[in-house]
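Next up, work_21.csv (CSV, N, CA and C atoms):
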```
chain,number,residue,atom,x,y,z
A,1,MET,N,-5.3,-18.6,3.3
A,1,MET,CA,-5.1,-18.7,1.9
A,1,MET,C,-6.4,-19.0,1.1
A,2,ARG,N,-7.4,-19.6,1.8
A,2,ARG,CA,-8.6,-19.9,1.1
A,2,ARG,C,-9.3,-18.6,0.8
A,3,ARG,N,-9.3,-17.6,1.7
A,3,ARG,CA,-9.9,-16.3,1.4
A,3,ARG,C,-9.2,-15.6,0.3
A,4,LEU,N,-7.9,-15.7,0.2
A,4,LEU,CA,-7.2,-15.1,-0.9
A,4,LEU,C,-7.6,-15.7,-2.2
A,5,GLU,N,-7.6,-17.0,-2.2
A,5,GLU,CA,-7.9,-17.7,-3.5
A,5,GLU,C,-9.4,-17.3,-3.9
A,6,ALA,N,-10.3,-17.3,-3.0
A,6,ALA,CA,-11.7,-16.9,-3.3
A,6,ALA,C,-11.7,-15.5,-3.9
A,7,ALA,N,-11.0,-14.6,-3.3
A,7,ALA,CA,-11.0,-13.2,-3.8
A,7,ALA,C,-10.3,-13.1,-5.2
A,8,LEU,N,-9.3,-13.9,-5.4
A,8,LEU,CA,-8.6,-13.9,-6.7
A,8,LEU,C,-9.6,-14.4,-7.7
A,9,HIS,N,-10.3,-15.5,-7.4
A,9,HIS,CA,-11.3,-16.0,-8.3
A,9,HIS,C,-12.4,-15.0,-8.7
A,10,ARG,N,-12.7,-14.2,-7.7
A,10,ARG,CA,-13.7,-13.1,-8.0
A,10,ARG,C,-13.2,-11.9,-8.7
A,11,GLY,N,-11.9,-11.9,-9.0
A,11,GLY,CA,-11.3,-10.9,-9.8
A,11,GLY,C,-10.4,-9.9,-9.2
A,12,LEU,N,-10.0,-10.1,-7.9
A,12,LEU,CA,-9.1,-9.3,-7.2
A,12,LEU,C,-7.8,-9.3,-8.0
A,13,ARG,N,-7.2,-8.1,-8.3
A,13,ARG,CA,-6.0,-8.0,-9.1
A,13,ARG,C,-4.8,-7.3,-8.5
A,14,MET,N,-5.0,-6.9,-7.2
A,14,MET,CA,-3.8,-6.4,-6.5
A,14,MET,C,-4.0,-6.7,-5.0
A,15,VAL,N,-3.0,-7.2,-4.4
A,15,VAL,CA,-3.0,-7.6,-3.0
A,15,VAL,C,-1.8,-6.9,-2.3
A,16,GLN,N,-2.1,-6.3,-1.1
A,16,GLN,CA,-1.0,-5.8,-0.3
A,16,GLN,C,-0.8,-6.7,0.9
A,17,LEU,N,0.4,-7.3,1.1
A,17,LEU,CA,0.7,-8.1,2.2
A,17,LEU,C,1.2,-7.2,3.3
A,18,ARG,N,0.3,-7.0,4.3
A,18,ARG,CA,0.6,-6.1,5.5
A,18,ARG,C,0.4,-6.8,6.8
A,19,GLU,N,1.4,-7.4,7.3
A,19,GLU,CA,1.3,-8.2,8.5
A,19,GLU,C,2.4,-7.8,9.5
A,20,LYS,N,2.2,-6.6,10.1
A,20,LYS,CA,3.2,-6.0,10.9
A,20,LYS,C,3.7,-6.9,12.1
A,21,GLY,N,2.8,-7.8,12.6
A,21,GLY,CA,3.1,-8.6,13.7
A,21,GLY,C,3.9,-9.8,13.4
A,22,LEU,N,4.2,-10.1,12.2
A,22,LEU,CA,4.9,-11.3,11.8
A,22,LEU,C,6.4,-11.0,11.8
A,23,SER,N,7.2,-12.0,12.2
A,23,SER,CA,8.6,-11.9,12.1
A,23,SER,C,9.0,-11.8,10.6
A,24,HIS,N,10.2,-11.4,10.3
A,24,HIS,CA,10.6,-11.3,8.9
A,24,HIS,C,10.5,-12.7,8.2
A,25,GLU,N,11.0,-13.7,8.9
A,25,GLU,CA,10.9,-15.1,8.3
A,25,GLU,C,9.5,-15.5,8.0
A,26,ALA,N,8.6,-15.3,9.0
A,26,ALA,CA,7.2,-15.7,8.8
A,26,ALA,C,6.6,-14.9,7.7
A,27,LEU,N,6.9,-13.6,7.6
A,27,LEU,CA,6.4,-12.8,6.5
A,27,LEU,C,6.9,-13.3,5.1
A,28,ARG,N,8.1,-13.6,5.1
A,28,ARG,CA,8.7,-14.1,3.9
A,28,ARG,C,8.0,-15.4,3.4
A,29,GLU,N,7.8,-16.3,4.4
A,29,GLU,CA,7.1,-17.6,4.1
A,29,GLU,C,5.7,-17.4,3.6
A,30,LEU,N,5.0,-16.5,4.2
A,30,LEU,CA,3.6,-16.2,3.8
A,30,LEU,C,3.7,-15.6,2.4
A,31,ALA,N,4.6,-14.6,2.1
A,31,ALA,CA,4.7,-14.0,0.8
A,31,ALA,C,5.0,-15.1,-0.3
A,32,LEU,N,5.9,-16.0,0.1
A,32,LEU,CA,6.2,-17.1,-0.9
A,32,LEU,C,5.0,-18.0,-1.1
A,33,ARG,N,4.1,-18.2,-0.2
A,33,ARG,CA,2.9,-19.0,-0.4
A,33,ARG,C,1.9,-18.2,-1.2
A,34,MET,N,1.8,-16.9,-1.0
A,34,MET,CA,0.9,-16.1,-1.8
A,34,MET,C,1.2,-15.9,-3.2
A,35,LEU,N,2.5,-15.7,-3.5
A,35,LEU,CA,3.0,-15.3,-4.8
A,35,LEU,C,2.5,-16.2,-6.0
A,36,PRO,N,2.6,-17.5,-5.8
A,36,PRO,CA,2.1,-18.4,-6.9
A,36,PRO,C,0.6,-18.2,-7.2
A,37,SER,N,-0.2,-17.9,-6.2
A,37,SER,CA,-1.6,-17.7,-6.4
A,37,SER,C,-1.9,-16.4,-7.1
A,38,THR,N,-1.2,-15.4,-6.7
A,38,THR,CA,-1.4,-14.1,-7.3
A,38,THR,C,-1.0,-14.1,-8.8
A,39,GLN,N,0.2,-14.7,-9.0
A,39,GLN,CA,0.7,-14.8,-10.4
A,39,GLN,C,-0.2,-15.6,-11.3
A,40,ALA,N,-0.8,-16.7,-10.7
A,40,ALA,CA,-1.6,-17.6,-11.5
A,40,ALA,C,-2.9,-16.9,-12.0
A,41,HIS,N,-3.3,-15.9,-11.2
A,41,HIS,CA,-4.6,-15.1,-11.5
A,41,HIS,C,-4.3,-13.8,-12.2
A,42,GLY,N,-3.0,-13.5,-12.5
A,42,GLY,CA,-2.7,-12.2,-13.1
A,42,GLY,C,-2.8,-11.1,-12.1
A,43,ALA,N,-2.7,-11.3,-10.9
A,43,ALA,CA,-2.8,-10.3,-9.8
A,43,ALA,C,-1.4,-9.8,-9.4
A,44,ARG,N,-1.3,-8.6,-8.9
A,44,ARG,CA,-0.1,-8.1,-8.4
A,44,ARG,C,0.0,-8.3,-6.9
A,45,LEU,N,1.2,-8.6,-6.4
A,45,LEU,CA,1.5,-8.7,-4.9
A,45,LEU,C,2.4,-7.6,-4.5
A,46,LEU,N,1.9,-6.7,-3.6
A,46,LEU,CA,2.7,-5.7,-3.0
A,46,LEU,C,3.1,-6.0,-1.6
A,47,ILE,N,4.3,-5.8,-1.2
A,47,ILE,CA,4.8,-6.1,0.1
A,47,ILE,C,4.8,-4.8,0.9
A,48,ASN,N,4.2,-4.7,2.1
A,48,ASN,CA,4.2,-3.5,2.8
A,48,ASN,C,5.5,-3.2,3.4
A,49,ALA,N,6.1,-2.1,3.1
A,49,ALA,CA,7.3,-1.5,3.7
A,49,ALA,C,8.6,-2.2,3.4
A,50,ASP,N,8.6,-3.5,3.2
A,50,ASP,CA,9.9,-4.3,3.1
A,50,ASP,C,10.4,-4.4,1.6
A,51,ILE,N,11.1,-3.4,1.2
A,51,ILE,CA,11.6,-3.3,-0.2
A,51,ILE,C,12.5,-4.5,-0.5
A,52,GLU,N,13.4,-4.8,0.4
A,52,GLU,CA,14.3,-5.9,0.2
A,52,GLU,C,13.6,-7.2,0.0
A,53,LEU,N,12.6,-7.5,0.8
A,53,LEU,CA,11.8,-8.7,0.7
A,53,LEU,C,11.1,-8.8,-0.6
A,54,ALA,N,10.5,-7.6,-1.1
A,54,ALA,CA,9.9,-7.6,-2.4
A,54,ALA,C,10.9,-8.0,-3.5
A,55,HIS,N,12.1,-7.5,-3.4
A,55,HIS,CA,13.1,-7.9,-4.4
A,55,HIS,C,13.5,-9.3,-4.3
A,56,GLU,N,13.7,-9.8,-3.0
A,56,GLU,CA,14.1,-11.1,-2.8
A,56,GLU,C,13.2,-12.2,-3.4
A,57,ILE,N,11.9,-12.0,-3.2
A,57,ILE,CA,10.9,-13.0,-3.6
A,57,ILE,C,10.3,-12.8,-5.0
A,58,GLY,N,10.7,-11.6,-5.6
A,58,GLY,CA,10.1,-11.3,-6.9
A,58,GLY,C,8.7,-10.8,-6.8
A,59,ALA,N,8.3,-10.1,-5.7
A,59,ALA,CA,7.0,-9.5,-5.7
A,59,ALA,C,6.9,-8.4,-6.7
A,60,ASP,N,5.7,-8.0,-7.0
A,60,ASP,CA,5.4,-6.9,-8.0
A,60,ASP,C,5.8,-5.5,-7.5
A,61,GLY,N,5.8,-5.3,-6.2
A,61,GLY,CA,6.1,-4.0,-5.7
A,61,GLY,C,6.0,-3.9,-4.2
A,62,VAL,N,6.0,-2.6,-3.8
A,62,VAL,CA,5.9,-2.3,-2.3
A,62,VAL,C,4.9,-1.2,-2.1
A,63,GLN,N,4.4,-1.2,-0.8
A,63,GLN,CA,3.6,-0.1,-0.3
A,63,GLN,C,4.4,0.6,0.7
A,64,LEU,N,4.9,1.8,0.5
A,64,LEU,CA,5.7,2.5,1.4
A,64,LEU,C,5.0,3.1,2.5
A,65,THR,N,5.6,3.1,3.7
A,65,THR,CA,5.0,3.8,4.9
A,65,THR,C,5.2,5.3,4.8
A,66,ALA,N,4.5,6.0,5.6
A,66,ALA,CA,4.7,7.5,5.7
A,66,ALA,C,6.2,7.8,6.1
A,67,HIS,N,6.8,7.0,7.0
A,67,HIS,CA,8.1,7.2,7.4
A,67,HIS,C,9.1,7.0,6.2
A,68,GLN,N,8.9,6.0,5.4
A,68,GLN,CA,9.7,5.8,4.3
A,68,GLN,C,9.6,6.9,3.3
A,69,LEU,N,8.4,7.5,3.2
A,69,LEU,CA,8.3,8.7,2.3
A,69,LEU,C,9.2,9.8,2.7
A,70,GLU,N,9.3,10.0,4.0
A,70,GLU,CA,10.2,11.0,4.6
A,70,GLU,C,11.7,10.8,4.3
A,71,THR,N,12.1,9.5,4.3
A,71,THR,CA,13.5,9.2,4.3
A,71,THR,C,14.1,8.8,2.9
A,72,LEU,N,13.2,8.3,2.1
A,72,LEU,CA,13.7,7.9,0.7
A,72,LEU,C,14.0,9.1,-0.1
A,73,HIS,N,15.0,9.0,-0.9
A,73,HIS,CA,15.3,10.1,-1.9
A,73,HIS,C,15.1,9.7,-3.3
A,74,LYS,N,14.8,8.4,-3.5
A,74,LYS,CA,14.4,8.0,-4.9
A,74,LYS,C,13.5,6.8,-4.8
A,75,ARG,N,12.7,6.6,-5.8
A,75,ARG,CA,11.7,5.6,-5.9
A,75,ARG,C,12.4,4.2,-5.9
A,76,PRO,N,11.9,3.3,-5.1
A,76,PRO,CA,12.5,1.9,-5.1
A,76,PRO,C,12.4,1.3,-6.5
A,77,ALA,N,13.3,0.5,-6.9
A,77,ALA,CA,13.3,-0.1,-8.2
A,77,ALA,C,12.4,-1.3,-8.2
A,78,VAL,N,11.1,-1.0,-8.3
A,78,VAL,CA,10.1,-2.1,-8.3
A,78,VAL,C,9.1,-1.7,-9.4
A,79,ASP,N,8.3,-2.7,-9.9
A,79,ASP,CA,7.3,-2.4,-10.9
A,79,ASP,C,6.2,-1.5,-10.4
A,80,TRP,N,5.7,-1.8,-9.2
A,80,TRP,CA,4.6,-1.0,-8.6
A,80,TRP,C,5.1,-0.4,-7.3
A,81,CYS,N,4.9,0.9,-7.1
A,81,CYS,CA,5.3,1.5,-5.9
A,81,CYS,C,4.1,2.4,-5.4
A,82,ALA,N,3.6,2.0,-4.3
A,82,ALA,CA,2.5,2.7,-3.7
A,82,ALA,C,2.9,3.3,-2.4
A,83,ALA,N,2.1,4.2,-1.8
A,83,ALA,CA,2.4,4.9,-0.6
A,83,ALA,C,1.2,5.0,0.4
A,84,SER,N,1.5,4.8,1.6
A,84,SER,CA,0.4,5.1,2.7
A,84,SER,C,0.6,6.5,3.1
A,85,CYS,N,-0.5,7.3,2.9
A,85,CYS,CA,-0.4,8.7,3.3
A,85,CYS,C,-1.6,9.1,4.2
A,86,HIS,N,-1.3,10.1,5.0
A,86,HIS,CA,-2.3,10.6,6.0
A,86,HIS,C,-2.6,12.0,6.0
A,87,ASN,N,-1.9,12.8,5.0
A,87,ASN,CA,-2.2,14.2,4.9
A,87,ASN,C,-1.6,14.7,3.5
A,88,ALA,N,-1.9,15.9,3.2
A,88,ALA,CA,-1.5,16.5,1.9
A,88,ALA,C,0.0,16.5,1.7
A,89,GLU,N,0.8,16.7,2.7
A,89,GLU,CA,2.2,16.7,2.6
A,89,GLU,C,2.8,15.3,2.2
A,90,GLU,N,2.2,14.3,2.8
A,90,GLU,CA,2.7,12.9,2.5
A,90,GLU,C,2.2,12.6,1.0
A,91,LEU,N,1.1,13.0,0.6
A,91,LEU,CA,0.6,12.8,-0.8
A,91,LEU,C,1.6,13.5,-1.7
A,92,ARG,N,2.0,14.7,-1.4
A,92,ARG,CA,3.0,15.5,-2.2
A,92,ARG,C,4.3,14.7,-2.3
A,93,ARG,N,4.8,14.2,-1.2
A,93,ARG,CA,6.0,13.4,-1.2
A,93,ARG,C,5.9,12.2,-2.1
A,94,ALA,N,4.8,11.5,-2.0
A,94,ALA,CA,4.5,10.3,-2.8
A,94,ALA,C,4.6,10.6,-4.3
A,95,GLU,N,4.0,11.8,-4.6
A,95,GLU,CA,4.0,12.2,-6.0
A,95,GLU,C,5.4,12.5,-6.5
A,96,VAL,N,6.1,13.3,-5.7
A,96,VAL,CA,7.5,13.7,-6.0
A,96,VAL,C,8.4,12.4,-6.2
A,97,LEU,N,8.2,11.4,-5.3
A,97,LEU,CA,9.0,10.2,-5.3
A,97,LEU,C,8.7,9.4,-6.6
A,98,GLY,N,7.5,9.6,-7.2
A,98,GLY,CA,7.2,8.9,-8.4
A,98,GLY,C,6.3,7.6,-8.1
A,99,CYS,N,5.6,7.6,-7.0
A,99,CYS,CA,4.8,6.5,-6.7
A,99,CYS,C,3.7,6.3,-7.7
A,100,ASP,N,3.2,5.1,-8.0
A,100,ASP,CA,2.2,4.9,-8.9
A,100,ASP,C,0.8,5.3,-8.4
A,101,PHE,N,0.6,5.1,-7.1
A,101,PHE,CA,-0.6,5.5,-6.4
A,101,PHE,C,-0.4,5.6,-5.0
A,102,ALA,N,-1.4,6.2,-4.3
A,102,ALA,CA,-1.3,6.4,-2.8
A,102,ALA,C,-2.6,6.0,-2.2
A,103,LEU,N,-2.5,5.6,-1.0
A,103,LEU,CA,-3.7,5.3,-0.2
A,103,LEU,C,-3.8,6.3,1.0
A,104,LEU,N,-4.8,7.1,0.9
A,104,LEU,CA,-5.0,8.2,1.9
A,104,LEU,C,-5.9,7.7,3.0
A,105,SER,N,-5.5,7.7,4.3
A,105,SER,CA,-6.3,7.2,5.4
A,105,SER,C,-5.9,7.9,6.7
A,106,PRO,N,-6.7,7.8,7.7
A,106,PRO,CA,-8.0,7.3,7.7
A,106,PRO,C,-9.0,8.4,7.4
A,107,VAL,N,-10.0,8.0,6.6
A,107,VAL,CA,-11.0,9.0,6.3
A,107,VAL,C,-12.1,9.1,7.4
A,108,LEU,N,-12.4,7.9,7.9
A,108,LEU,CA,-13.4,7.8,9.0
A,108,LEU,C,-12.7,7.2,10.2
A,109,PRO,N,-13.3,7.3,11.4
A,109,PRO,CA,-12.7,6.6,12.6
A,109,PRO,C,-12.6,5.1,12.3
A,110,THR,N,-11.5,4.5,12.8
A,110,THR,CA,-11.3,3.1,12.6
A,110,THR,C,-11.3,2.3,13.9
A,111,LEU,N,-11.6,1.0,13.8
A,111,LEU,CA,-11.6,0.2,15.0
A,111,LEU,C,-10.1,-0.1,15.4
A,112,SER,N,-9.2,-0.1,14.5
A,112,SER,CA,-7.8,-0.4,14.8
A,112,SER,C,-7.1,0.7,15.5
A,113,HIS,N,-7.6,2.0,15.4
A,113,HIS,CA,-7.0,3.1,16.1
A,113,HIS,C,-8.1,4.0,16.7
A,114,PRO,N,-8.7,3.4,17.8
A,114,PRO,CA,-9.8,4.2,18.4
A,114,PRO,C,-9.3,5.5,18.9
A,115,GLY,N,-10.1,6.6,18.6
A,115,GLY,CA,-9.8,7.9,19.1
A,115,GLY,C,-8.7,8.6,18.3
A,116,ALA,N,-8.1,8.0,17.3
A,116,ALA,CA,-7.1,8.6,16.5
A,116,ALA,C,-7.8,9.7,15.6
A,117,PRO,N,-7.1,10.7,15.2
A,117,PRO,CA,-7.7,11.7,14.3
A,117,PRO,C,-8.0,11.1,12.9
A,118,HIS,N,-9.0,11.6,12.3
A,118,HIS,CA,-9.3,11.1,10.9
A,118,HIS,C,-9.7,12.3,10.1
A,119,LEU,N,-9.6,12.2,8.8
A,119,LEU,CA,-9.7,13.3,7.8
A,119,LEU,C,-11.1,13.7,7.6
A,120,GLY,N,-12.0,12.7,7.5
A,120,GLY,CA,-13.4,13.0,7.0
A,120,GLY,C,-13.4,13.1,5.5
A,121,TRP,N,-14.6,13.0,4.9
A,121,TRP,CA,-14.7,13.0,3.5
A,121,TRP,C,-14.3,14.3,2.9
A,122,LYS,N,-14.7,15.4,3.5
A,122,LYS,CA,-14.4,16.7,3.0
A,122,LYS,C,-12.9,17.1,3.0
A,123,ASP,N,-12.3,16.9,4.1
A,123,ASP,CA,-10.9,17.2,4.3
A,123,ASP,C,-10.0,16.2,3.4
A,124,SER,N,-10.5,15.0,3.3
A,124,SER,CA,-9.7,14.0,2.4
A,124,SER,C,-9.7,14.5,1.0
A,125,ARG,N,-10.7,15.1,0.6
A,125,ARG,CA,-10.8,15.7,-0.8
A,125,ARG,C,-9.9,16.9,-0.9
A,126,LYS,N,-9.9,17.7,0.1
A,126,LYS,CA,-9.0,18.9,0.1
A,126,LYS,C,-7.5,18.5,0.1
A,127,SER,N,-7.2,17.4,0.6
A,127,SER,CA,-5.8,16.9,0.6
A,127,SER,C,-5.3,16.7,-0.8
A,128,TRP,N,-6.2,16.6,-1.8
A,128,TRP,CA,-5.8,16.2,-3.1
A,128,TRP,C,-6.2,17.2,-4.2
A,129,PRO,N,-5.8,18.5,-4.1
A,129,PRO,CA,-6.3,19.5,-5.0
A,129,PRO,C,-5.8,19.3,-6.5
A,130,GLU,N,-4.5,19.1,-6.7
A,130,GLU,CA,-4.0,19.1,-8.1
A,130,GLU,C,-3.0,17.9,-8.3
A,131,ARG,N,-3.3,16.8,-7.7
A,131,ARG,CA,-2.4,15.7,-7.9
A,131,ARG,C,-2.6,15.0,-9.2
A,132,ARG,N,-1.5,14.5,-9.8
A,132,ARG,CA,-1.5,13.9,-11.1
A,132,ARG,C,-1.6,12.4,-11.1
A,133,PHE,N,-1.5,11.8,-10.0
A,133,PHE,CA,-1.5,10.3,-9.9
A,133,PHE,C,-2.7,9.8,-9.1
A,134,GLN,N,-2.9,8.5,-9.2
A,134,GLN,CA,-4.1,8.0,-8.6
A,134,GLN,C,-3.9,7.9,-7.0
A,135,TYR,N,-5.0,8.0,-6.4
A,135,TYR,CA,-5.1,7.8,-4.9
A,135,TYR,C,-6.4,7.2,-4.6
A,136,MET,N,-6.4,6.5,-3.4
A,136,MET,CA,-7.7,5.9,-2.9
A,136,MET,C,-7.8,6.4,-1.5
A,137,ARG,N,-9.0,6.6,-1.1
A,137,ARG,CA,-9.3,7.0,0.3
A,137,ARG,C,-9.8,5.8,1.0
A,138,TRP,N,-9.1,5.5,2.1
A,138,TRP,CA,-9.4,4.3,2.9
A,138,TRP,C,-10.3,4.6,4.1
A,139,VAL,N,-11.4,4.0,4.1
A,139,VAL,CA,-12.4,4.3,5.2
A,139,VAL,C,-12.1,3.6,6.5
A,140,GLY,N,-11.6,2.4,6.5
A,140,GLY,CA,-11.2,1.8,7.8
A,140,GLY,C,-11.7,0.4,7.8
```

Please go through the file and, once you have read it, give me the structure as structure tokens.
Amino acid sequence: MRRLEAALHRGLRMVQLREKGLSHEALRELALRMLPSTQAHGARLLINADIELAHEIGADGVQLTAHQLETLHKRPAVDWCAASCHNAEELRRAEVLGCDFALLSPVLPTLSHPGAPHLGWKDSRKSWPERRFQYMRWVG
């Protein structure tokens, strides 16, 4: 929490809570601890993948997984809806679903997924020829 507070004091305005290893209850407790801090600094808190938890605690939104992009037929009813994308087709689905922005990754090799394919700078740009919404390329 000290690192979060320091980042918020430096001007961080959007936080994604992505802790896949936590139980639902532990994730909920962490989110409830983070929310007052993000709200006090005018920052947004997005919950990774768990739309119900975002609603339950009053988070600002969700970051959808690539799997959720495949299965959802409409945008979740949240203020901010983001998507994790790994190719042009997932970016297209995020746009059709009405996401506010997408995170395209991995651009470069990552320590968390050694040996996994990555897009590279050139191909990551090709994935985004005529998109109308914001996206970010995640290096790793």

Query raised in the report: Quick one: distance from atom CA of A:Thr65 to atom CA of A:Glu19 in Å, one decimal?
Result: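 So the answer is 13.1 Å.
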
Report task. Give me every alpha helix (DSSP H) residue in stretch 2-119 of chain A, going by DSSP on the backbone, as an MDAnalysis selection string. Result -> chainID A and resid 2:9 24:40 51:57 66:71 88:97

Query raised in the report: Which one of A:Leu104, A:Leu111, A:Ala94, A:Ala26 sits closest to A:Glu70 if you count all atoms listed in the file?
Result: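 Closest candidate: A:Ala94.
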
Requested in this report: Select all residues near (1.2, -7.9, -5.0) (cut-off 6 Å, inclusive, file coordinates), counting only C-alpha atoms, and output them as a list in words.
Outcome: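 Collected hits near the coordinates: Met14, Val15, Gln16, Arg44, Leu45, Leu46 and Asp60 of chain A.
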
Report task. Tell me, in Å to one decimal, how far atom CA of A:Leu17 is from atom N of A:Val96. Result ->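 So the two atoms, atom CA of A:Leu17 and atom N of A:Val96, lie 23.4 Å apart.
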
Report task. Select all residues near (7.4, -0.7, -0.8) (cut-off 8 Å, inclusive, file coordinates), counting all atoms listed in the file, and output them as JSON, numbers by chain. Result -> {"A": [46, 47, 48, 49, 50, 51, 52, 54, 61, 62, 63, 64, 65, 76, 80, 81, 82, 83]}

Query - Interatomic distance (Å, one decimal) between atom CA of A:Leu53 and atom C of A:Arg10 - result: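 Rounded to one decimal, the two atoms are 26.9 Å apart.
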
Sel. of strand (DSSP E) residues, stretch 17-71 of chain A, as a PDB file with N, CA and C atoms, in the frame of the given file:
```pdb
ATOM      1  N   LEU A  17       0.400  -7.300   1.100  1.00  0.00           N
ATOM      2  CA  LEU A  17       0.700  -8.100   2.200  1.00  0.00           C
ATOM      3  C   LEU A  17       1.200  -7.200   3.300  1.00  0.00           C
ATOM      4  N   ARG A  44      -1.300  -8.600  -8.900  1.00  0.00           N
ATOM      5  CA  ARG A  44      -0.100  -8.100  -8.400  1.00  0.00           C
ATOM      6  C   ARG A  44       0.000  -8.300  -6.900  1.00  0.00           C
ATOM      7  N   LEU A  45       1.200  -8.600  -6.400  1.00  0.00           N
ATOM      8  CA  LEU A  45       1.500  -8.700  -4.900  1.00  0.00           C
ATOM      9  C   LEU A  45       2.400  -7.600  -4.500  1.00  0.00           C
ATOM     10  N   LEU A  46       1.900  -6.700  -3.600  1.00  0.00           N
ATOM     11  CA  LEU A  46       2.700  -5.700  -3.000  1.00  0.00           C
ATOM     12  C   LEU A  46       3.100  -6.000  -1.600  1.00  0.00           C
ATOM     13  N   ILE A  47       4.300  -5.800  -1.200  1.00  0.00           N
ATOM     14  CA  ILE A  47       4.800  -6.100   0.100  1.00  0.00           C
ATOM     15  C   ILE A  47       4.800  -4.800   0.900  1.00  0.00           C
ATOM     16  N   ASN A  48       4.200  -4.700   2.100  1.00  0.00           N
ATOM     17  CA  ASN A  48       4.200  -3.500   2.800  1.00  0.00           C
ATOM     18  C   ASN A  48       5.500  -3.200   3.400  1.00  0.00           C
ATOM     19  N   GLY A  61       5.800  -5.300  -6.200  1.00  0.00           N
ATOM     20  CA  GLY A  61       6.100  -4.000  -5.700  1.00  0.00           C
ATOM     21  C   GLY A  61       6.000  -3.900  -4.200  1.00  0.00           C
ATOM     22  N   VAL A  62       6.000  -2.600  -3.800  1.00  0.00           N
ATOM     23  CA  VAL A  62       5.900  -2.300  -2.300  1.00  0.00           C
ATOM     24  C   VAL A  62       4.900  -1.200  -2.100  1.00  0.00           C
ATOM     25  N   GLN A  63       4.400  -1.200  -0.800  1.00  0.00           N
ATOM     26  CA  GLN A  63       3.600  -0.100  -0.300  1.00  0.00           C
ATOM     27  C   GLN A  63       4.400   0.600   0.700  1.00  0.00           C
ATOM     28  N   LEU A  64       4.900   1.800   0.500  1.00  0.00           N
ATOM     29  CA  LEU A  64       5.700   2.500   1.400  1.00  0.00           C
ATOM     30  C   LEU A  64       5.000   3.100   2.500  1.00  0.00           C
TER      31      LEU A  64
END
```

Query raised in the report: Do you know which residues are at most 12 Å from A:Ser37 counting only C-alpha atoms, after dropping those on the same chain fewer than 2 positions away, and could you put them as a ChimeraX atom specification?
Result: /A:1-9,12-15,30-35,39-45,59

Determine, counting only C-alpha atoms, which protein, DNA and RNA residues have an atom within 8 Å of an atom of A:Leu97; residues of the same chain fewer than 6 positions away are not included. Present the result as a compact mmCIF listing (two decimals) with N, CA and C atoms, in the coordinates of the input.
```txt
# COMPACT_ATOMS: atom_id res chain seq x y z
N LEU A 69 8.40 7.50 3.20
CA LEU A 69 8.30 8.70 2.30
C LEU A 69 9.20 9.80 2.70
N LEU A 72 13.20 8.30 2.10
CA LEU A 72 13.70 7.90 0.70
C LEU A 72 14.00 9.10 -0.10
N HIS A 73 15.00 9.00 -0.90
CA HIS A 73 15.30 10.10 -1.90
C HIS A 73 15.10 9.70 -3.30
N LYS A 74 14.80 8.40 -3.50
CA LYS A 74 14.40 8.00 -4.90
C LYS A 74 13.50 6.80 -4.80
N ARG A 75 12.70 6.60 -5.80
CA ARG A 75 11.70 5.60 -5.90
C ARG A 75 12.40 4.20 -5.90
```

Could I get stretch 27-39 of chain A from the block written as an mmCIF file, in the first residue's frame, with N, CA and C atoms?
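As written to disk, decode.cif reads:
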```cif
data_model
loop_
_atom_site.group_PDB
_atom_site.id
_atom_site.type_symbol
_atom_site.label_atom_id
_atom_site.label_comp_id
_atom_site.auth_asym_id
_atom_site.auth_seq_id
_atom_site.Cartn_x
_atom_site.Cartn_y
_atom_site.Cartn_z
ATOM 1 N N LEU A 27 -8.647 -10.947 -2.708
ATOM 2 C CA LEU A 27 -8.703 -9.911 -3.747
ATOM 3 C C LEU A 27 -9.707 -8.829 -3.357
ATOM 4 N N ARG A 28 -10.853 -9.252 -2.857
ATOM 5 C CA ARG A 28 -11.887 -8.312 -2.419
ATOM 6 C C ARG A 28 -11.358 -7.425 -1.290
ATOM 7 N N GLU A 29 -10.684 -8.029 -0.319
ATOM 8 C CA GLU A 29 -10.132 -7.263 0.809
ATOM 9 C C GLU A 29 -9.095 -6.257 0.328
ATOM 10 N N LEU A 30 -8.223 -6.672 -0.582
ATOM 11 C CA LEU A 30 -7.207 -5.768 -1.113
ATOM 12 C C LEU A 30 -7.866 -4.617 -1.876
ATOM 13 N N ALA A 31 -8.838 -4.935 -2.699
ATOM 14 C CA ALA A 31 -9.540 -3.898 -3.461
ATOM 15 C C ALA A 31 -10.212 -2.892 -2.520
ATOM 16 N N LEU A 32 -10.821 -3.384 -1.458
ATOM 17 C CA LEU A 32 -11.480 -2.500 -0.496
ATOM 18 C C LEU A 32 -10.474 -1.633 0.253
ATOM 19 N N ARG A 33 -9.238 -2.114 0.409
ATOM 20 C CA ARG A 33 -8.185 -1.289 1.024
ATOM 21 C C ARG A 33 -7.669 -0.239 0.041
ATOM 22 N N MET A 34 -7.632 -0.585 -1.243
ATOM 23 C CA MET A 34 -7.103 0.331 -2.253
ATOM 24 C C MET A 34 -8.093 1.428 -2.631
ATOM 25 N N LEU A 35 -9.360 1.117 -2.651
ATOM 26 C CA LEU A 35 -10.375 2.033 -3.167
ATOM 27 C C LEU A 35 -10.382 3.402 -2.485
ATOM 28 N N PRO A 36 -10.337 3.477 -1.159
ATOM 29 C CA PRO A 36 -10.328 4.814 -0.537
ATOM 30 C C PRO A 36 -9.121 5.652 -0.965
ATOM 31 N N SER A 37 -7.977 5.024 -1.151
ATOM 32 C CA SER A 37 -6.784 5.760 -1.572
ATOM 33 C C SER A 37 -6.921 6.276 -2.991
ATOM 34 N N THR A 38 -7.399 5.423 -3.895
ATOM 35 C CA THR A 38 -7.549 5.875 -5.272
ATOM 36 C C THR A 38 -8.601 6.982 -5.357
ATOM 37 N N GLN A 39 -9.687 6.825 -4.638
ATOM 38 C CA GLN A 39 -10.740 7.845 -4.658
ATOM 39 C C GLN A 39 -10.246 9.170 -4.083
#
```
